[in-house]
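Source file structure_8.txt; content: compact mmCIF, C-alpha atoms and all ligand atoms.
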# COMPACT_ATOMS: atom_id res chain seq x y z
CA MET A 25 179.62 126.49 26.92
CA VAL A 26 176.08 125.18 26.40
CA ILE A 27 173.71 128.15 26.27
CA PRO A 28 170.85 127.72 28.79
CA PHE A 29 167.51 126.83 27.20
CA SER A 30 164.01 125.68 28.03
CA LEU A 31 161.49 123.68 26.00
CA ILE A 32 157.73 124.07 25.78
CA ARG A 33 156.14 120.62 26.00
CA PRO A 34 155.75 119.32 22.42
CA PRO A 35 152.66 117.27 21.51
CA LYS A 36 152.70 113.48 21.63
CA ILE A 37 153.95 112.93 18.09
CA PHE A 38 153.17 110.03 15.77
CA PHE A 39 155.15 110.48 12.57
CA GLY A 40 155.28 108.30 9.47
CA PRO A 41 153.31 106.92 6.53
CA GLY A 42 150.26 105.03 7.81
CA ARG A 43 150.26 106.56 11.30
CA LEU A 44 146.74 107.99 10.75
CA SER A 45 145.44 104.48 11.44
CA LEU A 46 146.40 104.98 15.12
CA LEU A 47 143.64 107.59 15.57
CA PRO A 48 140.92 105.25 16.92
CA ASP A 49 143.28 103.81 19.56
CA LEU A 50 144.43 107.27 20.62
CA LEU A 51 140.83 108.29 21.29
CA LYS A 52 140.02 105.29 23.50
CA HIS A 53 140.11 107.16 26.81
CA VAL A 54 139.13 110.59 25.53
CA GLY A 55 135.37 110.29 24.95
CA ASN A 56 132.87 109.61 22.20
CA ASN A 57 131.89 113.04 20.91
CA LEU A 58 134.29 114.39 18.32
CA LEU A 59 134.29 117.70 16.47
CA ILE A 60 136.13 117.22 13.16
CA LEU A 61 137.37 120.30 11.32
CA THR A 62 138.46 120.10 7.70
CA GLY A 63 139.52 122.59 5.00
CA SER A 64 138.36 123.71 1.60
CA ARG A 65 140.17 120.91 -0.25
CA SER A 66 137.93 118.10 0.84
CA HIS A 67 140.05 115.70 2.86
CA LEU A 68 136.85 113.78 3.30
CA GLY A 69 137.58 112.74 -0.31
CA ASN A 70 140.94 111.28 0.74
CA TRP A 71 140.66 107.50 1.11
CA ASN A 72 143.01 107.35 4.07
CA VAL A 73 140.85 109.86 5.93
CA ILE A 74 137.53 108.27 4.85
CA GLU A 75 138.73 104.90 6.07
CA VAL A 76 139.71 106.08 9.52
CA LEU A 77 136.57 108.22 10.02
CA ASP A 78 134.42 105.26 8.91
CA LEU A 79 136.15 103.11 11.47
CA LEU A 80 135.45 105.70 14.18
CA GLY A 81 131.77 105.68 13.19
CA LYS A 82 131.65 101.86 13.38
CA LYS A 83 133.25 101.96 16.83
CA GLY A 84 130.40 104.17 18.09
CA TYR A 85 132.00 107.61 18.04
CA ILE A 86 129.65 110.51 17.31
CA LEU A 87 131.22 112.78 14.71
CA SER A 88 130.24 116.41 14.10
CA TYR A 89 131.83 118.34 11.24
CA ASP A 90 132.67 121.92 10.31
CA LYS A 91 134.87 123.58 7.70
CA ILE A 92 137.49 126.33 7.55
CA VAL A 93 137.98 127.60 4.01
CA SER A 94 140.74 130.22 4.50
CA GLU A 95 143.06 131.60 7.18
CA PRO A 96 140.72 131.66 10.21
CA SER A 97 139.09 134.97 11.15
CA PRO A 98 137.75 135.87 14.61
CA ASP A 99 134.25 135.39 13.17
CA ASP A 100 135.07 131.85 12.01
CA VAL A 101 136.33 130.90 15.46
CA ASP A 102 133.45 132.57 17.33
CA ARG A 103 130.82 131.06 15.00
CA ILE A 104 132.03 127.49 15.39
CA ALA A 105 132.75 127.86 19.13
CA ALA A 106 129.22 129.24 19.69
CA LYS A 107 127.69 126.37 17.70
CA PHE A 108 129.40 123.66 19.79
CA ARG A 109 129.92 125.37 23.18
CA HIS A 110 126.75 123.95 24.70
CA GLN A 111 127.00 120.58 22.98
CA HIS A 112 128.99 117.73 24.40
CA VAL A 113 132.43 117.77 22.74
CA ASP A 114 135.17 115.49 24.10
CA ALA A 115 137.81 116.27 21.50
CA VAL A 116 138.47 118.56 18.56
CA ILE A 117 140.33 117.02 15.62
CA SER A 118 141.73 119.19 12.80
CA ILE A 119 142.47 117.43 9.51
CA GLY A 120 143.89 119.97 7.06
CA GLY A 121 146.49 122.65 6.44
CA GLY A 122 147.82 125.20 8.90
CA SER A 123 144.62 127.26 8.80
CA VAL A 124 142.49 124.29 9.82
CA ILE A 125 144.90 123.37 12.61
CA ASP A 126 145.05 126.97 13.87
CA ALA A 127 141.25 127.15 13.79
CA GLY A 128 140.87 123.85 15.68
CA LYS A 129 143.43 124.95 18.25
CA ALA A 130 141.55 128.21 18.84
CA ILE A 131 138.11 126.55 18.89
CA SER A 132 139.26 123.90 21.36
CA ALA A 133 140.30 126.79 23.64
CA MET A 134 137.22 128.94 23.05
CA LEU A 135 134.71 126.19 23.89
CA SER A 136 135.47 126.72 27.58
CA VAL A 137 135.11 130.53 27.69
CA GLU A 138 132.16 132.71 26.67
CA ARG A 139 133.80 135.88 25.33
CA PRO A 140 134.84 136.56 21.71
CA VAL A 141 138.29 135.33 20.66
CA LYS A 142 139.39 138.91 19.88
CA ASP A 143 139.40 139.64 23.62
CA TYR A 144 142.24 137.15 24.06
CA LEU A 145 144.39 137.89 20.99
CA GLU A 146 147.90 139.24 21.58
CA GLY A 147 148.06 142.95 20.84
CA VAL A 148 144.31 143.14 20.21
CA GLY A 149 142.40 142.08 23.36
CA LYS A 150 142.99 142.90 26.99
CA SER A 151 142.04 139.55 28.59
CA SER A 152 144.34 136.65 29.25
CA HIS A 153 143.02 133.20 28.44
CA PRO A 154 143.01 130.77 31.40
CA GLY A 155 144.56 128.06 29.17
CA THR A 156 141.62 125.66 29.53
CA ARG A 157 140.68 123.69 26.41
CA LYS A 158 139.28 120.48 24.97
CA PHE A 159 141.50 117.57 23.99
CA PHE A 160 142.95 118.52 20.61
CA ILE A 161 144.49 116.39 17.85
CA ALA A 162 146.24 117.98 14.86
CA ILE A 163 146.53 116.01 11.62
CA PRO A 164 148.31 118.10 8.94
CA THR A 165 147.61 117.52 5.24
CA THR A 166 150.16 120.10 4.07
CA ALA A 167 153.79 120.44 5.15
CA GLY A 168 154.48 124.01 6.20
CA THR A 169 153.25 125.95 9.19
CA GLY A 170 154.25 123.40 11.85
CA SER A 171 151.10 124.45 13.73
CA GLU A 172 150.75 120.82 14.84
CA ALA A 173 153.58 121.52 17.30
CA THR A 174 153.09 125.17 18.32
CA ALA A 175 151.41 126.91 21.25
CA ASN A 176 149.66 129.61 19.19
CA ALA A 177 146.78 129.86 16.74
CA VAL A 178 147.11 132.64 14.16
CA ILE A 179 143.85 134.53 13.64
CA THR A 180 143.48 136.96 10.74
CA GLU A 181 141.23 139.89 10.04
CA THR A 182 142.10 141.69 6.81
CA GLY A 183 141.24 145.27 5.91
CA LYS A 184 141.95 148.83 6.97
CA ASN A 185 142.21 148.03 10.68
CA GLY A 186 143.12 144.42 10.00
CA PHE A 187 145.49 142.26 12.00
CA LYS A 188 147.15 138.89 12.04
CA ARG A 189 147.57 137.98 15.69
CA SER A 190 147.97 134.95 17.91
CA LEU A 191 145.85 133.28 20.54
CA ARG A 192 148.66 131.87 22.63
CA HIS A 193 149.13 129.79 25.76
CA ASP A 194 151.65 127.04 26.55
CA ASN A 195 148.62 124.74 27.14
CA PHE A 196 147.49 125.22 23.54
CA VAL A 197 150.15 122.91 22.09
CA PRO A 198 148.05 120.03 20.67
CA ASP A 199 147.79 116.91 22.84
CA VAL A 200 148.59 114.74 19.83
CA ALA A 201 150.07 115.42 16.39
CA ILE A 202 149.62 112.68 13.81
CA VAL A 203 151.95 113.53 10.94
CA ASP A 204 151.21 111.03 8.18
CA PRO A 205 153.05 112.14 5.00
CA ARG A 206 150.61 110.10 2.84
CA LEU A 207 148.07 112.85 3.50
CA THR A 208 150.28 115.39 1.71
CA LEU A 209 150.63 113.31 -1.50
CA SER A 210 147.70 115.08 -3.14
CA CYS A 211 148.84 118.58 -2.15
CA PRO A 212 149.21 120.57 -5.41
CA PRO A 213 152.69 121.85 -6.46
CA ASP A 214 152.00 125.56 -5.77
CA ILE A 215 150.84 124.86 -2.21
CA THR A 216 153.70 122.37 -1.71
CA ALA A 217 156.15 125.12 -2.73
CA VAL A 218 154.85 127.95 -0.55
CA SER A 219 154.12 125.72 2.46
CA GLY A 220 157.64 124.28 2.20
CA MET A 221 159.11 127.78 2.02
CA ASP A 222 157.14 128.74 5.14
CA ALA A 223 158.74 125.79 6.95
CA PHE A 224 162.19 126.79 5.62
CA THR A 225 161.63 130.38 6.83
CA GLN A 226 160.58 129.17 10.28
CA LEU A 227 163.58 126.84 10.56
CA LEU A 228 166.07 129.50 9.46
CA GLU A 229 164.57 132.32 11.53
CA SER A 230 164.47 130.23 14.70
CA PHE A 231 168.03 128.95 13.97
CA LEU A 232 169.27 132.56 13.80
CA SER A 233 167.23 133.81 16.75
CA ASP A 234 169.08 134.89 19.90
CA LYS A 235 166.62 132.65 21.79
CA SER A 236 167.86 129.54 19.96
CA GLY A 237 169.69 126.81 21.87
CA ALA A 238 171.35 123.43 21.32
CA LEU A 239 168.04 121.59 21.06
CA THR A 240 166.26 123.93 18.62
CA ASP A 241 169.49 124.31 16.59
CA ALA A 242 169.75 120.56 16.09
CA LEU A 243 166.14 120.32 14.91
CA ALA A 244 166.35 123.45 12.72
CA PHE A 245 169.54 122.28 11.01
CA GLU A 246 168.15 118.80 10.29
CA GLY A 247 164.92 120.38 9.04
CA MET A 248 166.85 122.62 6.65
CA ARG A 249 168.86 119.64 5.44
CA SER A 250 165.55 118.00 4.47
CA ILE A 251 164.28 121.16 2.78
CA HIS A 252 167.52 121.36 0.78
CA SER A 253 167.47 117.72 -0.26
CA HIS A 254 163.73 117.21 -0.86
CA LEU A 255 161.59 120.34 -1.25
CA TYR A 256 162.16 120.72 -4.98
CA ARG A 257 161.62 116.99 -5.44
CA ALA A 258 158.29 117.11 -3.55
CA PHE A 259 157.29 120.09 -5.73
CA LYS A 260 158.18 118.30 -8.99
CA GLN A 261 157.11 114.78 -8.03
CA GLY A 262 154.16 115.11 -5.70
CA GLU A 263 153.64 111.35 -5.43
CA ASP A 264 157.17 110.80 -4.07
CA LEU A 265 156.48 109.62 -0.52
CA GLU A 266 160.12 109.85 0.53
CA ALA A 267 160.31 113.52 -0.48
CA ARG A 268 156.94 114.22 1.15
CA SER A 269 158.11 112.52 4.36
CA HIS A 270 161.22 114.70 4.56
CA ILE A 271 159.20 117.90 4.11
CA SER A 272 156.50 116.84 6.60
CA CYS A 273 159.26 116.15 9.11
CA ALA A 274 160.94 119.52 8.39
CA ALA A 275 157.61 121.31 8.92
CA LEU A 276 157.01 119.48 12.21
CA PHE A 277 160.52 120.43 13.40
CA SER A 278 159.88 124.06 12.37
CA GLY A 279 156.85 124.16 14.67
CA ILE A 280 158.93 122.98 17.63
CA THR A 281 161.78 125.40 16.89
CA LEU A 282 159.55 128.43 16.32
CA ALA A 283 157.54 127.74 19.50
CA ASN A 284 160.77 127.80 21.49
CA ALA A 285 163.19 130.14 19.71
CA GLY A 286 160.83 132.58 17.99
CA LEU A 287 160.96 134.04 14.48
CA GLY A 288 162.54 136.98 12.63
CA LEU A 289 161.89 139.78 10.19
CA ILE A 290 160.11 137.73 7.50
CA HIS A 291 157.39 136.68 9.93
CA GLY A 292 157.25 140.26 11.19
CA PHE A 293 156.51 141.32 7.62
CA ALA A 294 154.04 138.45 7.19
CA SER A 295 152.12 139.62 10.23
CA ALA A 296 152.00 143.27 9.05
CA ILE A 297 151.14 142.44 5.42
CA GLY A 298 148.70 139.63 6.25
CA GLY A 299 146.51 141.99 8.27
CA MET A 300 146.27 144.43 5.36
CA ILE A 301 145.83 142.24 2.32
CA SER A 302 144.73 138.68 1.83
CA ILE A 303 147.94 136.99 0.67
CA PRO A 304 148.69 133.35 1.61
CA HIS A 305 151.20 133.27 4.47
CA GLY A 306 153.54 130.89 2.62
CA VAL A 307 153.67 133.19 -0.42
CA ILE A 308 154.76 136.14 1.76
CA CYS A 309 157.45 134.05 3.46
CA GLY A 310 158.65 132.42 0.24
CA LYS A 311 158.92 135.70 -1.62
CA LEU A 312 160.68 137.55 1.21
CA MET A 313 163.20 134.79 1.98
CA ALA A 314 165.70 135.81 -0.71
CA PRO A 315 165.86 139.60 -0.19
CA VAL A 316 165.65 139.55 3.61
CA ASN A 317 168.39 136.94 3.98
CA ARG A 318 170.57 138.73 1.43
CA TYR A 319 170.29 141.97 3.43
CA ASN A 320 170.78 140.12 6.72
CA ILE A 321 173.99 138.48 5.52
CA ARG A 322 175.44 141.61 3.92
CA LYS A 323 174.78 143.63 7.06
CA LEU A 324 176.20 140.94 9.34
CA ILE A 325 179.40 140.90 7.26
CA GLN A 326 179.59 144.70 7.13
CA GLU A 327 178.79 145.44 10.79
CA LYS A 328 180.44 142.37 12.34
CA SER A 329 177.83 142.89 15.08
CA ASN A 330 176.51 139.34 15.48
CA ASP A 331 179.20 136.76 15.04
CA ARG A 332 176.94 133.92 16.20
CA ALA A 333 174.36 134.55 13.45
CA LEU A 334 177.01 134.93 10.75
CA LYS A 335 178.62 131.65 11.81
CA LYS A 336 175.22 129.97 11.59
CA TYR A 337 174.67 131.27 8.06
CA ALA A 338 178.13 129.93 7.20
CA LEU A 339 177.29 126.53 8.70
CA LEU A 340 174.16 126.36 6.57
CA GLY A 341 176.11 127.49 3.47
CA ASN A 342 178.67 124.78 4.15
CA MET A 343 175.93 122.13 4.32
CA ILE A 344 174.16 123.17 1.12
CA SER A 345 177.26 124.02 -0.96
CA SER A 346 179.44 121.10 0.20
CA ALA A 347 182.35 123.46 -0.60
CA THR A 348 184.30 122.91 2.61
CA SER A 349 187.42 124.81 1.49
CA LYS A 350 185.62 128.18 1.18
CA ASP A 351 185.81 130.85 3.90
CA PRO A 352 182.84 131.56 6.23
CA GLU A 353 181.81 134.80 4.46
CA TRP A 354 181.64 132.97 1.12
CA GLN A 355 179.54 130.24 2.75
CA ALA A 356 177.16 132.79 4.27
CA LEU A 357 176.76 134.64 0.95
CA TYR A 358 176.15 131.32 -0.77
CA VAL A 359 173.00 130.90 1.38
CA SER A 360 171.39 134.01 -0.10
CA GLU A 361 172.33 132.92 -3.63
CA TYR A 362 170.86 129.47 -2.96
CA ILE A 363 167.58 130.83 -1.58
CA GLY A 364 167.22 133.14 -4.61
CA GLU A 365 167.64 130.19 -6.98
CA LEU A 366 165.26 127.97 -5.00
CA THR A 367 162.57 130.69 -5.00
CA GLU A 368 162.90 130.95 -8.80
CA LYS A 369 162.72 127.19 -9.30
CA LEU A 370 159.61 126.94 -7.11
CA SER A 371 157.89 129.77 -9.07
CA ILE A 372 156.86 131.68 -5.93
CA PRO A 373 154.50 134.43 -7.15
CA SER A 374 155.18 138.11 -6.45
CA LEU A 375 153.19 139.90 -3.76
CA GLY A 376 151.97 142.41 -6.34
CA THR A 377 149.89 139.63 -7.92
CA TYR A 378 147.78 139.66 -4.78
CA GLY A 379 147.35 143.42 -4.76
CA LEU A 380 150.26 144.70 -2.64
CA GLN A 381 151.24 148.16 -3.93
CA ILE A 382 154.10 150.62 -3.39
CA ALA A 383 151.61 152.90 -1.57
CA ASP A 384 151.10 150.19 1.10
CA LEU A 385 154.76 149.94 2.05
CA GLU A 386 154.95 153.01 4.30
CA GLN A 387 152.36 151.58 6.70
CA ILE A 388 153.98 148.13 6.64
CA VAL A 389 157.49 149.30 7.52
CA LYS A 390 156.11 151.45 10.35
CA THR A 391 154.33 148.52 11.99
CA VAL A 392 156.76 145.67 11.32
CA SER A 393 158.46 144.13 14.32
CA HIS A 394 161.87 142.51 13.96
CA LYS A 395 163.19 142.25 17.49
CA SER A 396 164.43 138.66 17.08
CA ASN A 397 166.09 139.29 13.71
CA PRO A 398 169.91 139.00 13.86
CA VAL A 399 170.33 142.60 12.60
CA GLN A 400 168.13 145.71 12.69
CA PHE A 401 167.15 147.74 9.63
CA SER A 402 165.99 151.32 8.98
CA GLU A 403 162.56 151.99 7.45
CA GLU A 404 164.33 152.86 4.16
CA GLU A 405 166.12 149.50 4.09
CA LEU A 406 162.90 147.63 4.90
CA THR A 407 161.15 149.48 2.05
CA VAL A 408 163.86 148.47 -0.45
CA MET A 409 163.45 144.78 0.52
CA LEU A 410 159.68 144.92 0.10
CA LYS A 411 159.92 146.64 -3.29
CA GLU A 412 161.81 143.62 -4.61
CA CYS A 413 158.81 141.41 -3.80
CA ILE A 414 156.07 143.39 -5.56
FE FE B 501 155.11 130.80 9.09

Can you dump the structure from the file as structure tokens?
Ligand SMILES: [Fe+2]
Amino acid sequence: MVIPFSLIRPPKIFFGPGRLSLLPDLLKHVGNNLLILTGSRSHLGNWNVIEVLDLLGKKGYILSYDKIVSEPSPDDVDRIAAKFRHQHVDAVISIGGGSVIDAGKAISAMLSVERPVKDYLEGVGKSSHPGTRKFFIAIPTTAGTGSEATANAVITETGKNGFKRSLRHDNFVPDVAIVDPRLTLSCPPDITAVSGMDAFTQLLESFLSDKSGALTDALAFEGMRSIHSHLYRAFKQGEDLEARSHISCAALFSGITLANAGLGLIHGFASAIGGMISIPHGVICGKLMAPVNRYNIRKLIQEKSNDRALKKYALLGNMISSATSKDPEWQALYVSEYIGELTEKLSIPSLGTYGLQIADLEQIVKTVSHKSNPVQFSEEELTVMLKECI
């Protein structure tokens, strides 16, 4: 039987090397006033980006710029929204990593309302956003978060009462996603590794989710095939456009699958840890992938409580091991072995390097949510997993 499913409208997607050149044509009927957001690595120094922005200038577009230098905070969003709210903006265009795309998504939504973004954040504010926003184009320059295809913008405030929460509405999916893998060629190896592991986490968690269906499963599985065949290659040979293309595609797919099927325990941890300490999201995901999946698989085998999830782990193990004669439990266990080896090869740093300490774990395991994870864990089990990552 085909399990019933629904699909949130994805953006209009333009994927492939050179697709950035379509930007001027895509803006033809949108308007002349463009707010361009970029990140800390200056993409304005990237020739592909310079060329297309120059062309926009020559065609009479009026470009305003702002920058997002880290994972966007409520203050970042409110500051930029306040600056441009009473100016004429026809479209917001984010050119950067996941943080820049999340920021642009949130700013495009906050230009039409007066209150601070915190009022609308899930689990933080009490207001619901009407879903109105400016035309928004996402142009990723890293391959990881898949934010170019999701309906939420992650906003982070770190500290004692910190949080990492989403501004979410089905209308917030970008109008257009231009995924041009050439823009990721200059992404350094450490960011390539952790961004790629974020995409892998999103693909695997949405694949295992009880909200997954035939459509998200197909995308998630193909995305993981690309991660398996090309992530290490993109990490080692950054200029390899074929490898970059596979990982950009996997990240895009991960955005579609997570928007529709949801995520699991690793993203629950990422949300709890990210509000406490400033650790890059991809590092948290990459480091937790091996222990969390190992515990997931062992518990699934032991409890025999979720046959569907165990079969999916086995399917993935079969694809990456190519050992078709092995039994499903062997295939599932192979997945955790594989992820452990990949994490080592990609040199994902430990969370302790960023200041996470044993003393922080009690608060994290009390606040972590893992409703969509294929198995449930006690606070003691969650603590053991986290200790492995410090
Ligand atoms: Fe993520």

Å distance separating CA of Arg268 (chain A) from CA of Asp49 (chain A), one decimal place |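 CA of Asp49 (chain A) lies 25.2 Å from CA of Arg268 (chain A).
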
For Ala115 (chain A): contacts at 8 Å, only C-alpha atoms, fewer than 2 positions along chain excluded, given as an NGL selection string | :A and (54-55 or 57-59 or 113 or 117 or 132 or 158-161)

Residues at most 7 Å from ligand FE 501 (chain B), using all atoms listed in the file? Could they come as a list in words?
-> Thr169, Asp222, Ala223, Thr225, Gln226, His291, His305, Gly306 and Cys309 of chain A

Determine, using all atoms listed in the file, which residues of region 146-252 of chain A have any atom at most 10 Å from an atom of region 70-88 of chain A, and tabulate each with its shortest atom pair and distance in Å to one decimal place, rows ordered by chain and then rising number, as JSON lines.
{"residue": "A:Asp204", "atom": "CA", "partner": "A:Asn72", "partner_atom": "CA", "distance": 9.9}
{"residue": "A:Arg206", "atom": "CA", "partner": "A:Asn72", "partner_atom": "CA", "distance": 8.2}
{"residue": "A:Leu207", "atom": "CA", "partner": "A:Asn72", "partner_atom": "CA", "distance": 7.5}
{"residue": "A:Ser210", "atom": "CA", "partner": "A:Asn70", "partner_atom": "CA", "distance": 8.7}

Hey, can you check how far CA of Ala267 (chain A) sits from CA of His252 (chain A)?
-> 10.7 Å

Centre and edge lengths, as AutoDock Vina command-line options, for the axis-aligned box enclosing every listed atom of region 93-97 of chain A with 8 Å of padding on each of the six sides, in Å to one decimal?
--center_x 140.5 --center_y 131.3 --center_z 7.6 --size_x 21.1 --size_y 23.4 --size_z 23.1

List the neighbours of Asp100 (chain A) out to 9 Å using all atoms listed in the file; skip same-chain residues closer than 5 positions along the sequence, and give me the result as number ranges by chain.
-> A: 92, 105, 127

For each of A:Asn330, A:Ser302, A:Ser402, A:Thr367, take the minimum atom-to-atom distance to Leu380 (chain A), counting all atoms listed in the file, then give the residue where this is smallest.
->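 Of A:Asn330, A:Ser302, A:Ser402, A:Thr367, the one nearest Leu380 (chain A), counting all atoms listed in the file, is A:Ser302.
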
A:Leu191, A:Ile215, A:Leu385, A:Ala285: which is nearest Gly262 (chain A), counting only C-alpha atoms?
->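 Residue with the minimum atom-to-atom distance to Gly262 (chain A): A:Ile215.
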
Spatial neighbours of Asp126 (chain A), max dist 7 Å, all atoms listed in the file, sep filter under 5 positions, as a compact mmCIF listing (two decimals) with C-alpha atoms, in the coordinates of the input:
# COMPACT_ATOMS: atom_id res chain seq x y z
CA SER A 171 151.10 124.45 13.73
CA ALA A 177 146.78 129.86 16.74
CA VAL A 178 147.11 132.64 14.16

Any idea what the distance is between CA of Leu47 (chain A) and CA of Ile104 (chain A)?
->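 Computed distance, CA of Leu47 (chain A) to CA of Ile104 (chain A), equals 23.0 Å.
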
Pick out the closest residue to Pro164 (chain A) from this set: A:Lys395, A:Arg322, A:Arg43, A:Lys311. Count all atoms listed in the file.
->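 Smallest distance to Pro164 (chain A) is found for A:Arg43.
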
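The smallest atom-to-atom distance between Leu61 (chain A) and any of A:Ile37, A:Val200, A:Val124, A:Ala175, using all atoms listed in the file, is found for A:Val124.
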
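Closest approach to Lys390 (chain A) from the set A:Ala296, A:Ile303, A:Val93, A:Met248 is made by A:Ala296, with distances taken over only C-alpha atoms.
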
So which residues touch Tyr144 (chain A) within 10 Å, counting all atoms listed in the file, skipping near sequence neighbours fewer than 3 positions away, as a ChimeraX atom specification?
-> /A:134,139-141,147-154,189-192
